Amino acid sequence: METKKTLLARLGKLVPAWVGKLVPGWLKRVGPFAAVGLFAAGIVFWGGFNWALEMTNREEFCISCHEMKDNVFVEYQNTIHYTNRTGVRATCPDCHVPKEWGPKMWRKIQASNEVLHKILGTIDTREKFLAKRQRLAENEWRRFKATDSRPCRNCHNFNYMDYSMQGMRPAREHPKAFDEGKTCIDCHKGIAHQLPAVDQHIGRFNEGALEITHGDGAPEAGAGR
Amino acid sequence: MKLIHAAALLTGLLLCCAGSAAAQETLRSERGNASIEEESKVNMFRPEADKESIPRNYARQPPLVPHSIRGYEVTQNFNKCMDCHSAERAEATRATRVGKSHYLTREDKKLPNISPRRYFCLQCHVPQFDAPPLVENVYKPAAKR
């Protein structure tokens, strides 16, 4: 019966000497079995980390919070991204978590602030949520604008839009908007959730409310008054 | 006295029976006569495809909506129609501009903004579906505008 040492020595004779010089010192010290073990542990760790991360990237996870389930999720259920002709859906993370690794990690780290506000109960009632809606919406619009609407472009690529298949209004407006360098969020605000109070010059009700832009810099609603 | 009581009771009973019998005959639910287990035949009407503005049928008719309004939000906070049709936006979006009448109060006083009583556009301006008319319409306008 061979001992571990003699087995290693015999295996060592099979590889040329110069290979040994390429192996770093620490690897020689821990030995090949430990090295393979570490490699396997790395795979398991990375897989586990990724799995745990992906578990937080599911619709079920997002709406496990009543803040999400009773406010934004209910509104989203009335929209085309929830239910449509073909059943292809965009769920919460498709729009609110970047797909690229780096930005995804960064967004997940930022999301720890949201965990803090969950604990603090910042929006734990409908009233609190509505009071905060404008700020939350503007945060999200800023994110979309800063990334040239990256979450939209994960599925919608305007190079492949067939204007002949679009309705009259989008077929007319899309090429114009792209020429002007606009991005999706400039016009498509409030398509998956309801909007905060917007001043559209109807009566006195919304006076002083948010004025939204359509990507032209200055708020348009106040332009022709 | 007993006789009157008995007569009243009898009439009551008769009325009751007649009433329930009549109710059973005329009762027709929105589901039709489909039982609760089976699926009712629902007419699936489709919105008509987007088109240029539809000519009015008579003077002062509220213009019809010639496009899909799926998912359009008209709430306390935001009116999707006004996103294009408001006086400020109509030129840029090439949408029909909201009428001058919409800036008046009931007493015909002019307002700087659209009157709140005109807020719910779809009360008068309706989108079109491919549903066939339930009855023939023989209405003829006195004048078109």
# chains A, B, ... in the order shown; residues from 1 in each chain; ligands from 1
call {"tool": "residues_around", "arguments": {"residues": "segment 85-89 of chain A", "least_positions_apart": "6", "cutoff": "12 Å", "atoms": "only C-alpha atoms", "output": "NGL selection string"}}
result
:A and (59 or 76-77 or 79 or 95 or 155 or 192)
call {"tool": "residues_around", "arguments": {"residues": "segment 138-141 of chain B", "least_positions_apart": "3", "cutoff": "10 Å", "atoms": "only C-alpha atoms", "output": "compact mmCIF listing (two decimals) with C-alpha atoms, in the first residue's frame"}}
result
# COMPACT_ATOMS: atom_id res chain seq x y z
CA ASN B 57 -71.98 63.60 -36.88
CA TYR B 58 -73.69 66.80 -35.79
CA ALA B 59 -72.81 70.30 -34.67
CA VAL B 135 -80.42 49.04 -32.53
CA LYS B 144 -72.95 69.44 -39.46
call {"tool": "interface_residues", "arguments": {"of": "chain B", "to": "chain A", "cutoff": "10 Å", "atoms": "only C-alpha atoms", "output": "compact mmCIF listing (two decimals) with C-alpha atoms, in the first residue's frame"}}
result
# COMPACT_ATOMS: atom_id res chain seq x y z
CA ALA B 49 -57.13 50.73 -34.88
CA ASP B 50 -55.70 54.23 -34.52
CA LYS B 51 -56.85 56.60 -37.24
CA GLU B 52 -57.08 60.28 -38.09
CA HIS B 67 -57.05 55.97 -30.85
CA SER B 68 -56.47 53.33 -28.18
CA ARG B 70 -55.29 51.39 -23.01
CA GLY B 71 -53.57 52.00 -19.69
CA TYR B 72 -54.26 55.74 -19.75
CA GLU B 73 -54.30 57.17 -16.26
CA VAL B 74 -56.95 59.74 -15.42
CA THR B 75 -56.71 60.21 -11.68
CA GLN B 76 -56.67 62.99 -9.14
CA ASN B 77 -52.93 63.35 -9.77
CA PHE B 78 -52.60 63.08 -13.50
CA ASN B 79 -54.71 63.21 -16.65
CA LYS B 80 -53.07 61.31 -19.49
CA MET B 82 -54.07 66.36 -21.13
CA ASP B 83 -50.49 65.16 -21.63
CA SER B 86 -53.77 70.45 -23.35
CA ALA B 87 -53.32 73.88 -24.90
CA GLU B 88 -49.63 73.87 -23.98
CA ARG B 89 -48.87 70.46 -25.49
CA ALA B 92 -45.97 69.73 -30.18
CA THR B 93 -47.95 66.50 -30.15
CA ARG B 94 -50.21 67.41 -33.11
CA ALA B 95 -53.20 66.38 -31.03
CA HIS B 102 -63.62 73.87 -21.65
CA TYR B 103 -62.25 77.06 -20.11
CA LEU B 111 -61.02 80.68 -16.53
CA PRO B 112 -57.23 80.78 -16.90
CA ASN B 113 -57.10 76.97 -16.74
CA ILE B 114 -59.33 74.19 -17.94
CA SER B 115 -62.47 73.99 -15.84
CA PRO B 116 -62.38 71.17 -13.27
CA ARG B 117 -65.88 70.16 -14.40
CA ARG B 118 -64.29 69.06 -17.69
CA TYR B 119 -61.69 66.88 -15.98
call {"tool": "select_by_dssp", "arguments": {"residues": "chain A", "states": "alpha helix (DSSP H)", "output": "ChimeraX atom specification"}}
result
/A:4-14,17-22,25-55,59-62,66-67,73-76,92-96,101-120,126-146,150-153,168-179,184-187
call {"tool": "residues_around", "arguments": {"residues": "Arg126 of chain A", "least_positions_apart": "2", "cutoff": "9 Å", "atoms": "only C-alpha atoms", "output": "JSON, numbers by chain"}}
result
{"A": [67, 70, 71, 123, 124, 128, 129, 130, 131]}
call {"tool": "write_last_selection", "arguments": {"atoms": "N, CA and C atoms", "output": "mmCIF file, in the first residue's frame"}}
result
data_model
loop_
_atom_site.group_PDB
_atom_site.id
_atom_site.type_symbol
_atom_site.label_atom_id
_atom_site.label_comp_id
_atom_site.auth_asym_id
_atom_site.auth_seq_id
_atom_site.Cartn_x
_atom_site.Cartn_y
_atom_site.Cartn_z
ATOM 1 N N GLU A 67 -45.310 47.099 1.650
ATOM 2 C CA GLU A 67 -45.138 48.424 1.024
ATOM 3 C C GLU A 67 -45.175 48.316 -0.502
ATOM 4 N N ASP A 70 -48.873 46.400 -1.712
ATOM 5 C CA ASP A 70 -50.136 47.142 -1.627
ATOM 6 C C ASP A 70 -50.108 48.461 -2.387
ATOM 7 N N ASN A 71 -48.949 48.922 -2.782
ATOM 8 C CA ASN A 71 -48.885 50.198 -3.495
ATOM 9 C C ASN A 71 -48.502 50.004 -4.951
ATOM 10 N N ILE A 123 -42.486 54.264 4.788
ATOM 11 C CA ILE A 123 -43.690 54.290 3.936
ATOM 12 C C ILE A 123 -44.605 53.124 4.302
ATOM 13 N N ASP A 124 -44.780 52.886 5.606
ATOM 14 C CA ASP A 124 -45.555 51.695 5.989
ATOM 15 C C ASP A 124 -47.075 51.906 5.956
ATOM 16 N N LYS A 128 -48.392 57.638 3.966
ATOM 17 C CA LYS A 128 -46.953 57.943 3.973
ATOM 18 C C LYS A 128 -46.364 57.717 2.593
ATOM 19 N N PHE A 129 -46.828 56.649 1.946
ATOM 20 C CA PHE A 129 -46.308 56.334 0.612
ATOM 21 C C PHE A 129 -46.670 57.437 -0.378
ATOM 22 N N LEU A 130 -47.936 57.869 -0.347
ATOM 23 C CA LEU A 130 -48.383 58.905 -1.286
ATOM 24 C C LEU A 130 -47.632 60.212 -1.044
ATOM 25 N N ALA A 131 -47.356 60.504 0.228
ATOM 26 C CA ALA A 131 -46.624 61.727 0.548
ATOM 27 C C ALA A 131 -45.208 61.681 -0.014
#
call {"tool": "closest_residue", "arguments": {"among": "A:Asn50, A:Thr125, A:Thr183, A:Ser164", "to": "Trp101 of chain A", "atoms": "only C-alpha atoms"}}
result
A:Asn50
call {"tool": "atom_distance", "arguments": {"atom1": "atom CA of Lys176 of chain A", "atom2": "atom CA of Asn157 of chain A"}}
result
15.6 Å
call {"tool": "atom_distance", "arguments": {"atom1": "atom CA of Lys189 of chain A", "atom2": "atom CA of Gln110 of chain A"}}
result
22.7 Å
call {"tool": "atom_distance", "arguments": {"atom1": "atom CA of Glu54 of chain A", "atom2": "atom CA of Ile109 of chain A"}}
result
14.1 Å
call {"tool": "residues_around", "arguments": {"residues": "Lys118 of chain A", "least_positions_apart": "2", "cutoff": "12 Å", "atoms": "only C-alpha atoms", "output": "list in words"}}
result
Ser64, Cys65, His66, Glu67, Met68, Ala111, Ser112, Asn113, Glu114, Val115, Leu116, Leu120, Gly121, Thr122, Ile123, Asp124, Thr125 and Phe129 of chain A
